[in-house]
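Data from input-v6.pdb: PDB, C-alpha atoms
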```pdb
ATOM      1  CA  MET O 104      85.369 114.841 104.454
ATOM      2  CA  ILE O 105      82.657 114.434 101.852
ATOM      3  CA  ASN O 106      79.133 114.266 103.190
ATOM      4  CA  SER O 107      77.594 111.253 101.476
ATOM      5  CA  GLN O 108      74.117 112.642 102.205
ATOM      6  CA  LYS O 109      74.692 115.292  99.548
ATOM      7  CA  ASP O 110      74.909 112.594  96.929
ATOM      8  CA  LYS O 111      71.482 111.267  97.795
ATOM      9  CA  LYS O 112      68.390 112.642  96.162
ATOM     10  CA  ILE O 113      65.953 114.106  98.613
ATOM     11  CA  ALA O 114      62.527 112.632  97.961
ATOM     12  CA  ARG O 115      59.839 115.190  97.269
ATOM     13  CA  PRO O 116      56.933 115.008  99.715
ATOM     14  CA  LEU O 117      53.879 113.322  98.265
ATOM     15  CA  ARG O 118      50.822 115.386  97.535
ATOM     16  CA  ILE O 119      47.965 114.724  99.916
ATOM     17  CA  LYS O 120      45.184 113.858  97.480
ATOM     18  CA  PHE O 121      41.785 112.284  97.924
ATOM     19  CA  PRO O 122      38.284 112.831  96.484
ATOM     20  CA  GLY O 123      36.774 116.079  97.722
ATOM     21  CA  ALA O 124      40.012 117.590  99.041
ATOM     22  CA  ILE O 125      40.021 121.393  99.389
ATOM     23  CA  TYR O 126      43.239 123.345  98.905
ATOM     24  CA  HIS O 127      44.892 126.709  99.163
ATOM     25  CA  ILE O 128      47.233 126.691  96.164
ATOM     26  CA  PHE O 129      49.909 129.198  95.233
ATOM     27  CA  SER O 130      52.712 129.328  92.719
ATOM     28  CA  ARG O 131      55.478 131.897  92.230
ATOM     29  CA  GLY O 132      57.632 132.943  89.335
ATOM     30  CA  HIS O 133      61.174 131.589  89.038
ATOM     31  CA  ARG O 134      63.463 133.662  91.297
ATOM     32  CA  LYS O 135      60.282 135.618  92.158
ATOM     33  CA  GLU O 136      60.233 137.087  88.653
ATOM     34  CA  ASN O 137      56.960 138.297  87.185
ATOM     35  CA  ILE O 138      54.701 135.718  85.563
ATOM     36  CA  PHE O 139      52.267 138.381  84.341
ATOM     37  CA  LEU O 140      53.658 141.256  82.277
ATOM     38  CA  SER O 141      50.338 142.637  81.058
ATOM     39  CA  ASN O 142      46.590 142.353  81.519
ATOM     40  CA  HIS O 143      46.534 140.260  78.361
ATOM     41  CA  ASP O 144      48.754 137.718  80.172
ATOM     42  CA  ARG O 145      46.274 137.580  83.044
ATOM     43  CA  GLU O 146      43.372 137.158  80.623
ATOM     44  CA  LYS O 147      45.166 134.229  79.010
ATOM     45  CA  PHE O 148      45.881 132.649  82.392
ATOM     46  CA  LEU O 149      42.207 132.894  83.370
ATOM     47  CA  LYS O 150      41.193 131.350  80.068
ATOM     48  CA  ILE O 151      43.472 128.348  80.733
ATOM     49  CA  LEU O 152      42.258 128.193  84.334
ATOM     50  CA  ILE O 153      38.647 127.951  83.117
ATOM     51  CA  GLU O 154      39.694 125.155  80.747
ATOM     52  CA  CYS O 155      41.166 123.287  83.739
ATOM     53  CA  ILE O 156      37.982 123.815  85.746
ATOM     54  CA  GLU O 157      35.950 122.253  82.949
ATOM     55  CA  LYS O 158      38.431 119.540  82.065
ATOM     56  CA  TYR O 159      39.165 118.321  85.599
ATOM     57  CA  SER O 160      35.875 119.199  87.333
ATOM     58  CA  ILE O 161      37.538 121.682  89.687
ATOM     59  CA  HIS O 162      35.402 123.747  92.078
ATOM     60  CA  LEU O 163      37.133 127.130  92.197
ATOM     61  CA  TYR O 164      36.056 129.257  95.173
ATOM     62  CA  CYS O 165      38.499 132.194  95.059
ATOM     63  CA  TYR O 166      41.525 133.430  93.151
ATOM     64  CA  VAL O 167      43.892 136.360  92.837
ATOM     65  CA  LEU O 168      46.517 137.042  90.170
ATOM     66  CA  MET O 169      49.429 139.190  91.317
ATOM     67  CA  LYS O 170      52.580 140.132  89.393
ATOM     68  CA  ASN O 171      54.891 137.258  90.286
ATOM     69  CA  HIS O 172      52.465 134.725  91.803
ATOM     70  CA  TYR O 173      48.866 133.612  92.075
ATOM     71  CA  HIS O 174      46.607 132.091  94.751
ATOM     72  CA  LEU O 175      43.720 129.660  94.253
ATOM     73  CA  PHE O 176      41.198 128.311  96.753
ATOM     74  CA  GLN O 177      39.630 125.223  95.222
ATOM     75  CA  LYS O 178      38.154 121.758  95.651
ATOM     76  CA  THR O 179      39.006 118.626  93.658
ATOM     77  CA  PRO O 180      36.023 116.214  93.596
ATOM     78  CA  ASN O 181      38.422 113.715  91.993
ATOM     79  CA  PRO O 182      41.993 113.216  93.285
ATOM     80  CA  ASN O 183      43.500 114.859  90.206
ATOM     81  CA  LEU O 184      45.192 117.934  91.674
ATOM     82  CA  SER O 185      48.600 117.247  90.105
ATOM     83  CA  GLU O 186      47.151 116.662  86.642
ATOM     84  CA  ALA O 187      45.040 119.813  86.764
ATOM     85  CA  MET O 188      47.843 122.037  88.046
ATOM     86  CA  HIS O 189      50.349 120.571  85.591
ATOM     87  CA  HIS O 190      47.947 121.428  82.780
ATOM     88  CA  LEU O 191      47.478 124.968  84.116
ATOM     89  CA  ASN O 192      51.120 125.832  84.758
ATOM     90  CA  SER O 193      52.614 124.094  81.737
ATOM     91  CA  SER O 194      50.007 125.447  79.290
ATOM     92  CA  TYR O 195      50.423 128.990  80.550
ATOM     93  CA  SER O 196      54.212 128.703  80.768
ATOM     94  CA  ASN O 197      54.488 127.499  77.163
ATOM     95  CA  TRP O 198      52.236 130.306  75.936
ATOM     96  CA  PHE O 199      54.045 132.940  78.044
ATOM     97  CA  LYS O 200      57.512 131.900  76.841
ATOM     98  CA  LYS O 201      56.419 131.892  73.218
ATOM     99  CA  LYS O 202      54.717 135.270  73.462
ATOM    100  CA  HIS O 203      57.570 137.006  75.277
ATOM    101  CA  LYS O 204      60.354 135.034  73.540
ATOM    102  CA  LEU O 205      61.795 133.608  76.746
ATOM    103  CA  ASP O 206      63.614 130.412  77.654
ATOM    104  CA  GLY O 207      63.846 128.415  80.852
ATOM    105  CA  SER O 208      61.469 127.962  83.742
ATOM    106  CA  ILE O 209      58.658 130.397  84.390
ATOM    107  CA  PHE O 210      57.523 128.984  87.721
ATOM    108  CA  GLN O 211      59.650 128.400  90.800
ATOM    109  CA  GLY O 212      59.604 124.640  91.319
ATOM    110  CA  ARG O 213      56.388 122.853  92.159
ATOM    111  CA  PHE O 214      53.217 124.634  93.082
ATOM    112  CA  LYS O 215      52.404 124.651  96.803
ATOM    113  CA  SER O 216      49.188 123.047  98.040
ATOM    114  CA  ILE O 217      47.736 123.360 101.540
ATOM    115  CA  LEU O 218      44.769 121.253 102.656
ATOM    116  CA  VAL O 219      42.139 123.534 104.195
ATOM    117  CA  ASP O 220      39.705 122.992 107.043
ATOM    118  CA  THR O 221      36.813 124.948 105.531
ATOM    119  CA  GLU O 222      34.743 124.869 108.722
ATOM    120  CA  CYS O 223      37.350 127.040 110.431
ATOM    121  CA  TYR O 224      39.155 128.836 107.621
ATOM    122  CA  ALA O 225      36.969 129.200 104.504
ATOM    123  CA  LEU O 226      35.926 132.804 105.064
ATOM    124  CA  THR O 227      39.281 133.842 106.526
ATOM    125  CA  LEU O 228      41.238 132.287 103.668
ATOM    126  CA  SER O 229      39.033 133.992 101.085
ATOM    127  CA  ALA O 230      39.685 137.335 102.799
ATOM    128  CA  TYR O 231      43.428 136.624 102.940
ATOM    129  CA  ILE O 232      43.490 135.842  99.210
ATOM    130  CA  HIS O 233      41.384 138.851  98.227
ATOM    131  CA  LEU O 234      43.541 141.186 100.337
ATOM    132  CA  ASN O 235      46.769 140.209  98.544
ATOM    133  CA  PRO O 236      46.716 143.362  96.372
ATOM    134  CA  VAL O 237      46.220 145.536  99.485
ATOM    135  CA  ARG O 238      49.166 143.896 101.285
ATOM    136  CA  ALA O 239      51.334 144.376  98.198
ATOM    137  CA  GLY O 240      50.381 148.036  97.883
ATOM    138  CA  PHE O 241      48.659 147.576  94.511
ATOM    139  CA  ALA O 242      45.327 148.848  95.813
ATOM    140  CA  ILE O 243      43.913 150.661  98.832
ATOM    141  CA  LYS O 244      40.873 148.391  98.904
ATOM    142  CA  PRO O 245      40.313 144.948  97.321
ATOM    143  CA  GLU O 246      37.547 146.335  95.084
ATOM    144  CA  ASN O 247      40.142 148.569  93.410
ATOM    145  CA  TYR O 248      41.977 145.511  92.044
ATOM    146  CA  MET O 249      40.291 143.768  89.134
ATOM    147  CA  TRP O 250      42.270 140.518  88.987
ATOM    148  CA  SER O 251      40.618 138.620  91.807
ATOM    149  CA  SER O 252      37.276 137.019  92.613
ATOM    150  CA  TYR O 253      36.498 139.656  95.246
ATOM    151  CA  HIS O 254      34.236 141.623  92.885
ATOM    152  CA  TYR O 255      31.886 138.652  92.569
ATOM    153  CA  TYR O 256      31.466 138.114  96.308
ATOM    154  CA  ALA O 257      31.169 141.843  96.961
ATOM    155  CA  GLY O 258      28.267 142.041  94.498
ATOM    156  CA  LEU O 259      30.144 144.323  92.104
ATOM    157  CA  GLU O 260      29.851 141.869  89.186
ATOM    158  CA  PRO O 261      27.607 138.865  88.436
ATOM    159  CA  ILE O 262      29.217 135.592  89.525
ATOM    160  CA  PRO O 263      30.292 133.569  86.438
ATOM    161  CA  ASN O 264      29.446 129.875  86.273
ATOM    162  CA  TRP O 265      33.105 128.855  86.577
ATOM    163  CA  ILE O 266      33.278 130.313  90.093
ATOM    164  CA  ASN O 267      31.686 128.023  92.666
ATOM    165  CA  SER O 268      30.335 130.541  95.164
ATOM    166  CA  SER O 269      28.299 128.076  97.235
ATOM    167  CA  LEU O 270      30.851 127.628 100.033
ATOM    168  CA  ILE O 271      31.543 131.289 100.773
ATOM    169  CA  SER O 272      28.036 132.527 100.025
ATOM    170  CA  SER O 273      26.481 130.003 102.412
ATOM    171  CA  ILE O 274      28.568 131.399 105.285
ATOM    172  CA  VAL O 275      27.475 135.004 104.666
ATOM    173  CA  ASN O 276      23.906 134.017 103.776
ATOM    174  CA  GLY O 277      24.408 135.059 100.165
ATOM    175  CA  ASN O 278      24.722 138.681 101.310
ATOM    176  CA  PRO O 279      27.466 140.661  99.462
ATOM    177  CA  PRO O 280      27.444 143.594 101.950
ATOM    178  CA  GLU O 281      27.980 141.115 104.774
ATOM    179  CA  TYR O 282      30.991 139.639 102.948
ATOM    180  CA  LYS O 283      32.432 143.091 102.252
ATOM    181  CA  GLN O 284      32.054 144.003 105.916
ATOM    182  CA  PHE O 285      33.764 140.797 107.032
ATOM    183  CA  VAL O 286      36.753 141.427 104.752
ATOM    184  CA  GLU O 287      37.029 145.045 105.889
ATOM    185  CA  ASN O 288      36.815 144.134 109.574
ATOM    186  CA  TRP O 289      39.266 141.250 109.203
ATOM    187  CA  SER O 290      41.683 143.483 107.305
ATOM    188  CA  GLN O 291      41.658 146.138 110.010
ATOM    189  CA  ALA O 292      41.955 143.605 112.828
ATOM    190  CA  ASN O 293      44.833 141.737 111.198
ATOM    191  CA  ASN O 294      46.636 144.535 109.336
ATOM    192  CA  ALA O 295      45.402 143.096 106.013
ATOM    193  CA  GLY O 296      46.645 139.679 107.113
ATOM    194  CA  LYS O 297      50.346 140.515 106.966
ATOM    195  CA  LYS O 298      51.178 138.520 110.085
ATOM    196  CA  ILE O 299      48.603 135.773 109.685
ATOM    197  CA  ASN O 300      49.785 132.240 108.905
ATOM    198  CA  MET O 301      47.437 130.862 106.243
ATOM    199  CA  PHE O 302      49.776 128.042 105.232
ATOM    200  CA  GLY O 303      49.343 125.762 108.249
ATOM    201  CA  GLU O 304      51.779 123.045 109.249
ATOM    202  CA  ASP O 305      52.828 120.029 107.197
ATOM    203  CA  SER O 306      50.660 121.263 104.300
ATOM    204  CA  ILE O 307      47.508 121.283 106.427
ATOM    205  CA  LEU O 308      45.596 124.377 107.559
ATOM    206  CA  GLY O 309      43.272 123.278 110.350
ATOM    207  CA  ASP O 310      42.949 122.336 113.988
ATOM    208  CA  ASP O 311      44.117 119.064 115.570
ATOM    209  CA  LYS O 312      40.770 117.385 114.913
ATOM    210  CA  PHE O 313      40.983 118.229 111.213
ATOM    211  CA  LYS O 314      44.573 116.972 110.993
ATOM    212  CA  GLU O 315      43.512 113.676 112.544
ATOM    213  CA  GLN O 316      40.659 113.388 110.047
ATOM    214  CA  ILE O 317      43.133 113.910 107.206
ATOM    215  CA  ARG O 318      45.447 111.249 108.582
ATOM    216  CA  GLU O 319      42.530 108.806 108.795
ATOM    217  CA  THR O 320      41.413 109.659 105.261
ATOM    218  CA  ILE O 321      44.889 108.987 103.885
ATOM    219  CA  LYS O 322      45.189 105.798 105.912
ATOM    220  CA  ASN O 323      41.892 104.384 104.679
ATOM    221  CA  HIS O 324      41.997 105.604 101.105
ATOM    222  CA  PRO O 325      43.463 103.237  98.463
ATOM    223  CA  LEU O 326      45.386 106.078  96.824
ATOM    224  CA  LYS O 327      47.830 106.061  99.735
ATOM    225  CA  THR O 328      49.698 103.164  98.148
ATOM    226  CA  ASN O 329      50.583 105.175  95.045
ATOM    227  CA  GLN O 330      54.113 106.526  95.381
ATOM    228  CA  LYS O 331      53.991 108.755  92.318
ATOM    229  CA  ASP O 332      53.254 112.445  92.466
ATOM    230  CA  THR O 333      51.209 112.218  89.299
ATOM    231  CA  LEU O 334      48.393 109.689  89.489
ATOM    232  CA  ASN O 335      46.998 107.861  86.510
ATOM    233  CA  SER O 336      43.483 109.206  86.870
ATOM    234  CA  LYS O 337      42.398 109.163  83.246
ATOM    235  CA  ALA O 338      39.137 107.510  84.251
ATOM    236  CA  LEU O 339      38.488 110.217  86.848
ATOM    237  CA  THR O 340      37.366 112.932  84.436
ATOM    238  CA  CYS O 341      34.795 115.622  85.037
ATOM    239  CA  LEU O 342      32.547 113.566  82.754
ATOM    240  CA  THR O 343      33.330 110.048  81.598
ATOM    241  CA  ARG O 344      33.428 109.198  77.922
ATOM    242  CA  VAL O 345      30.168 107.263  78.293
ATOM    243  CA  GLN O 346      28.438 110.271  79.857
ATOM    244  CA  ILE O 347      29.667 112.551  77.091
ATOM    245  CA  GLU O 348      28.454 110.083  74.487
ATOM    246  CA  ASP O 349      25.018 109.946  76.148
ATOM    247  CA  ILE O 350      24.720 113.735  76.146
ATOM    248  CA  PHE O 351      25.913 113.728  72.552
ATOM    249  CA  LYS O 352      23.134 111.340  71.543
ATOM    250  CA  GLU O 353      20.545 113.371  73.455
ATOM    251  CA  THR O 354      21.626 116.541  71.660
ATOM    252  CA  PHE O 355      21.897 115.172  68.132
ATOM    253  CA  GLN O 356      19.498 112.192  68.331
ATOM    254  CA  ILE O 357      22.217 109.876  67.059
ATOM    255  CA  GLU O 358      21.993 106.147  67.683
ATOM    256  CA  ALA O 359      24.928 105.005  65.529
ATOM    257  CA  ASP O 360      28.132 103.772  67.129
ATOM    258  CA  LEU O 361      30.142 106.965  66.828
ATOM    259  CA  PHE O 362      33.355 105.488  68.113
ATOM    260  CA  HIS O 363      33.733 102.769  65.491
ATOM    261  CA  ASN O 364      31.642 103.841  62.495
ATOM    262  CA  LYS O 365      34.104 105.460  60.111
ATOM    263  CA  THR O 366      31.619 106.674  57.490
ATOM    264  CA  GLU O 367      28.538 108.108  59.195
ATOM    265  CA  ASN O 368      28.227 111.429  61.014
ATOM    266  CA  ASP O 369      31.849 112.505  60.530
ATOM    267  CA  LEU O 370      31.112 116.103  61.509
ATOM    268  CA  LYS O 371      29.425 115.070  64.736
ATOM    269  CA  LYS O 372      32.290 112.709  65.500
ATOM    270  CA  HIS O 373      34.639 115.662  65.173
ATOM    271  CA  ILE O 374      32.496 117.535  67.690
ATOM    272  CA  LEU O 375      32.773 114.540  69.989
ATOM    273  CA  MET O 376      36.583 114.520  69.588
ATOM    274  CA  TYR O 377      36.695 118.208  70.460
ATOM    275  CA  SER O 378      34.489 117.637  73.512
ATOM    276  CA  LEU O 379      36.631 114.781  74.799
ATOM    277  CA  LYS O 380      39.729 116.943  74.459
ATOM    278  CA  LYS O 381      38.163 119.900  76.280
ATOM    279  CA  TYR O 382      36.082 118.199  78.954
ATOM    280  CA  SER O 383      37.955 115.016  79.832
ATOM    281  CA  ALA O 384      41.424 114.216  81.124
ATOM    282  CA  LEU O 385      42.111 112.001  78.113
ATOM    283  CA  SER O 386      45.186 113.014  76.144
ATOM    284  CA  LEU O 387      44.968 113.777  72.454
ATOM    285  CA  GLN O 388      46.793 110.505  71.741
ATOM    286  CA  GLU O 389      44.242 108.544  73.779
ATOM    287  CA  ILE O 390      41.385 110.240  71.930
ATOM    288  CA  SER O 391      43.103 109.360  68.648
ATOM    289  CA  ASP O 392      43.298 105.722  69.753
ATOM    290  CA  ILE O 393      39.558 105.677  70.493
ATOM    291  CA  PHE O 394      38.791 106.718  66.923
ATOM    292  CA  ASP O 395      41.653 104.700  65.426
ATOM    293  CA  LEU O 396      43.317 107.826  64.049
ATOM    294  CA  LYS O 397      46.814 109.255  64.030
ATOM    295  CA  TYR O 398      47.601 111.979  66.580
ATOM    296  CA  VAL O 399      48.144 114.654  63.928
ATOM    297  CA  THR O 400      44.905 113.713  62.150
ATOM    298  CA  THR O 401      42.859 114.177  65.324
ATOM    299  CA  PHE O 402      44.557 117.507  66.001
ATOM    300  CA  GLN O 403      43.804 118.716  62.466
ATOM    301  CA  LYS O 404      40.148 117.621  62.595
ATOM    302  CA  ILE O 405      39.546 119.480  65.852
ATOM    303  CA  ARG O 406      41.322 122.579  64.560
ATOM    304  CA  ARG O 407      39.345 122.574  61.309
ATOM    305  CA  LEU O 408      36.098 122.113  63.232
ATOM    306  CA  LEU O 409      36.712 125.265  65.267
ATOM    307  CA  ILE O 410      37.700 127.251  62.157
ATOM    308  CA  ARG O 411      34.596 126.051  60.343
ATOM    309  CA  ALA O 412      32.355 126.889  63.315
ATOM    310  CA  GLU O 413      33.462 130.523  63.090
ATOM    311  CA  MET O 414      32.086 130.721  59.528
ATOM    312  CA  ASP O 415      29.092 128.355  59.751
ATOM    313  CA  LEU O 416      26.437 129.783  62.086
ATOM    314  CA  SER O 417      24.419 126.561  62.048
ATOM    315  CA  LEU O 418      27.438 124.515  63.098
ATOM    316  CA  LYS O 419      28.373 127.070  65.731
ATOM    317  CA  GLU O 420      24.844 126.873  67.139
ATOM    318  CA  SER O 421      25.025 123.064  67.304
ATOM    319  CA  LEU O 422      28.418 123.226  69.012
ATOM    320  CA  ASN O 423      27.176 125.808  71.515
ATOM    321  CA  LYS O 424      24.109 123.680  72.260
ATOM    322  CA  PHE O 425      26.216 120.619  72.969
ATOM    323  CA  GLU O 426      28.660 122.571  75.158
ATOM    324  CA  HIS O 427      25.703 124.077  77.039
ATOM    325  CA  ASN O 428      24.407 120.586  77.834
ATOM    326  CA  LEU O 429      27.860 119.489  78.973
ATOM    327  CA  LYS O 430      28.332 122.486  81.233
ATOM    328  CA  ASN O 431      24.937 121.873  82.819
ATOM    329  CA  LYS O 432      26.181 118.392  83.742
ATOM    330  CA  ILE O 433      29.531 119.698  84.979
ATOM    331  CA  TYR O 434      28.246 122.609  87.039
ATOM    332  CA  GLY O 435      24.953 120.983  88.031
TER     333      GLY O 435
END
```
Using structure tokens, write down the structure that the file contains.
Amino acid sequence: MINSQKDKKIARPLRIKFPGAIYHIFSRGHRKENIFLSNHDREKFLKILIECIEKYSIHLYCYVLMKNHYHLFQKTPNPNLSEAMHHLNSSYSNWFKKKHKLDGSIFQGRFKSILVDTECYALTLSAYIHLNPVRAGFAIKPENYMWSSYHYYAGLEPIPNWINSSLISSIVNGNPPEYKQFVENWSQANNAGKKINMFGEDSILGDDKFKEQIRETIKNHPLKTNQKDTLNSKALTCLTRVQIEDIFKETFQIEADLFHNKTENDLKKHILMYSLKKYSALSLQEISDIFDLKYVTTFQKIRRLLIRAEMDLSLKESLNKFEHNLKNKIYG
């Protein structure tokens, strides 16, 4: 007898997304195969991750890159988790397949996302993530493994601006030795976390009170009515187009209408195109529509701008100044 249930598609569970949500995210290679074959691969992944942080206004607290998977501990001020992670995984996957001449899927299905109760689990989760290399036998101590954020919290390297250290640092009073001691003590007490469940239940890591708060948030938030995994959050960028335009005018003292004037300030308009592509969730086609250009034309103008900036020190300085102003707005 044929089981008719097999013919039905099993609906994928919806992502729990709302402004300010904090997640433990992890993604594995297809069939648990390696997604990093060299340090250069990891460097490329981090570069794309930083692009996502800037483009989608992600607050990244902790990370670790292993051989066949990675872990992230992050906050999404806007409910754009799916867009940000799609950009990260697809961009890296396309680059990885091209570099290593591979076909097929790199990642095993969808990334996993666990909502985190930071009041109870922030420090513990950071330790769990940073101890991944120790559990896997890649290092005796977390400081011996370079592909994680542990070095920053342990005071071994200056914290870069793309790591948001405020959450973890506030718990240990900004004291790296105190953080190192916590991780060491927690590792010894929990056998490096081998038997600790840091994935929660029903995609939530927290106590009953936290779970109830999440249920109330979902119930009261308008996004609950959206039945798609990928939300149309183009307006929910790290900086809106209007904000970028204002910063642009402050930097270059331009009062002309840059979006519709086709003759004046072409170079600066190209800088604006580049900035919209890098720091907003607008697609290249949507940016092209703003400037009434063809997709390929916009792509070429941005590419030529970056090539020219490498040879023109004055242009490179102007571009760096504008990006500096943008990052100050993004990172506060």
Need the axis-aligned box for region 121-138 of chain O with 8 Å each side, so what are the centre and edges in Å to one decimal, as AutoDock Vina command-line options?
```
--center_x 50.1 --center_y 125.3 --center_z 92.5 --size_x 42.7 --size_y 42.0 --size_z 29.8
```
Show me, as a ChimeraX atom specification, the residues that have an atom within 12 Å of Ser193 (chain O) when counting only C-alpha atoms, minus same-chain residues fewer than 5 positions from it. /O:148,151-152,155,185-188,198-200,208-210,212-214
I need the chosen residues saved as a PDB file, in the coordinates of the input, with C-alpha atoms.
```pdb
ATOM      1  CA  PHE O 148      45.881 132.649  82.392  1.00  0.00           C
ATOM      2  CA  ILE O 151      43.472 128.348  80.733  1.00  0.00           C
ATOM      3  CA  LEU O 152      42.258 128.193  84.334  1.00  0.00           C
ATOM      4  CA  CYS O 155      41.166 123.287  83.739  1.00  0.00           C
ATOM      5  CA  SER O 185      48.600 117.247  90.105  1.00  0.00           C
ATOM      6  CA  GLU O 186      47.151 116.662  86.642  1.00  0.00           C
ATOM      7  CA  ALA O 187      45.040 119.813  86.764  1.00  0.00           C
ATOM      8  CA  MET O 188      47.843 122.037  88.046  1.00  0.00           C
ATOM      9  CA  TRP O 198      52.236 130.306  75.936  1.00  0.00           C
ATOM     10  CA  PHE O 199      54.045 132.940  78.044  1.00  0.00           C
ATOM     11  CA  LYS O 200      57.512 131.900  76.841  1.00  0.00           C
ATOM     12  CA  SER O 208      61.469 127.962  83.742  1.00  0.00           C
ATOM     13  CA  ILE O 209      58.658 130.397  84.390  1.00  0.00           C
ATOM     14  CA  PHE O 210      57.523 128.984  87.721  1.00  0.00           C
ATOM     15  CA  GLY O 212      59.604 124.640  91.319  1.00  0.00           C
ATOM     16  CA  ARG O 213      56.388 122.853  92.159  1.00  0.00           C
ATOM     17  CA  PHE O 214      53.217 124.634  93.082  1.00  0.00           C
TER      18      PHE O 214
END
```
Step by step, work through what the PyMOL selection byres ((chain O and resi 161) around 8) selects in the shown file, and finish by giving those residues as a list in words. Cys155, Ile156, Glu157, Lys158, Tyr159, Ser160, His162, Leu163, Gln177, Lys178, Thr179 and Pro180 of chain O
So that I have them on file, write out the residues from the current selection with C-alpha atoms, as a PDB file, in the frame of the given file.
```
ATOM      1  CA  CYS O 155      41.166 123.287  83.739  1.00  0.00           C
ATOM      2  CA  ILE O 156      37.982 123.815  85.746  1.00  0.00           C
ATOM      3  CA  GLU O 157      35.950 122.253  82.949  1.00  0.00           C
ATOM      4  CA  LYS O 158      38.431 119.540  82.065  1.00  0.00           C
ATOM      5  CA  TYR O 159      39.165 118.321  85.599  1.00  0.00           C
ATOM      6  CA  SER O 160      35.875 119.199  87.333  1.00  0.00           C
ATOM      7  CA  HIS O 162      35.402 123.747  92.078  1.00  0.00           C
ATOM      8  CA  LEU O 163      37.133 127.130  92.197  1.00  0.00           C
ATOM      9  CA  GLN O 177      39.630 125.223  95.222  1.00  0.00           C
ATOM     10  CA  LYS O 178      38.154 121.758  95.651  1.00  0.00           C
ATOM     11  CA  THR O 179      39.006 118.626  93.658  1.00  0.00           C
ATOM     12  CA  PRO O 180      36.023 116.214  93.596  1.00  0.00           C
TER      13      PRO O 180
END
```
Residue IDs satisfying the PyMOL selection byres ((chain O and resi 381) around 8), as a PDB file with C-alpha atoms, keeping the file's coordinate frame:
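Okay, this is what ended up in expr02.pdb:
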```pdb
ATOM      1  CA  GLU O 154      39.694 125.155  80.747  1.00  0.00           C
ATOM      2  CA  GLU O 157      35.950 122.253  82.949  1.00  0.00           C
ATOM      3  CA  LYS O 158      38.431 119.540  82.065  1.00  0.00           C
ATOM      4  CA  TYR O 377      36.695 118.208  70.460  1.00  0.00           C
ATOM      5  CA  SER O 378      34.489 117.637  73.512  1.00  0.00           C
ATOM      6  CA  LEU O 379      36.631 114.781  74.799  1.00  0.00           C
ATOM      7  CA  LYS O 380      39.729 116.943  74.459  1.00  0.00           C
ATOM      8  CA  TYR O 382      36.082 118.199  78.954  1.00  0.00           C
ATOM      9  CA  SER O 383      37.955 115.016  79.832  1.00  0.00           C
TER      10      SER O 383
END
```
At a cut-off of 9 Å, using only C-alpha atoms, what residues contact Met376 (chain O)? Leave out same-chain residues fewer than 3 positions from it and give the result as a list in words.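 Residues near the query, excluding close chain neighbours: Lys371, Lys372, His373, Leu379, Lys380, Lys381, Leu387, Ile390, Ser391, Phe394, Thr401, Lys404 and Ile405 of chain O.
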What is the CA of Arg131 (chain O) to CA of Ile217 (chain O) distance in Å?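 Computing it gives 14.8 Å between the two atoms.
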Could you work out how far CA of Glu260 (chain O) lies from CA of Asn278 (chain O), giving the answer in Å with one decimal?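 Interatomic distance, CA of Asn278 (chain O) to CA of Glu260 (chain O): 13.5 Å.
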What does the structure give for the distance between CA of Glu281 (chain O) and CA of Phe129 (chain O), in Å to one decimal?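 These two atoms are separated by 26.7 Å.
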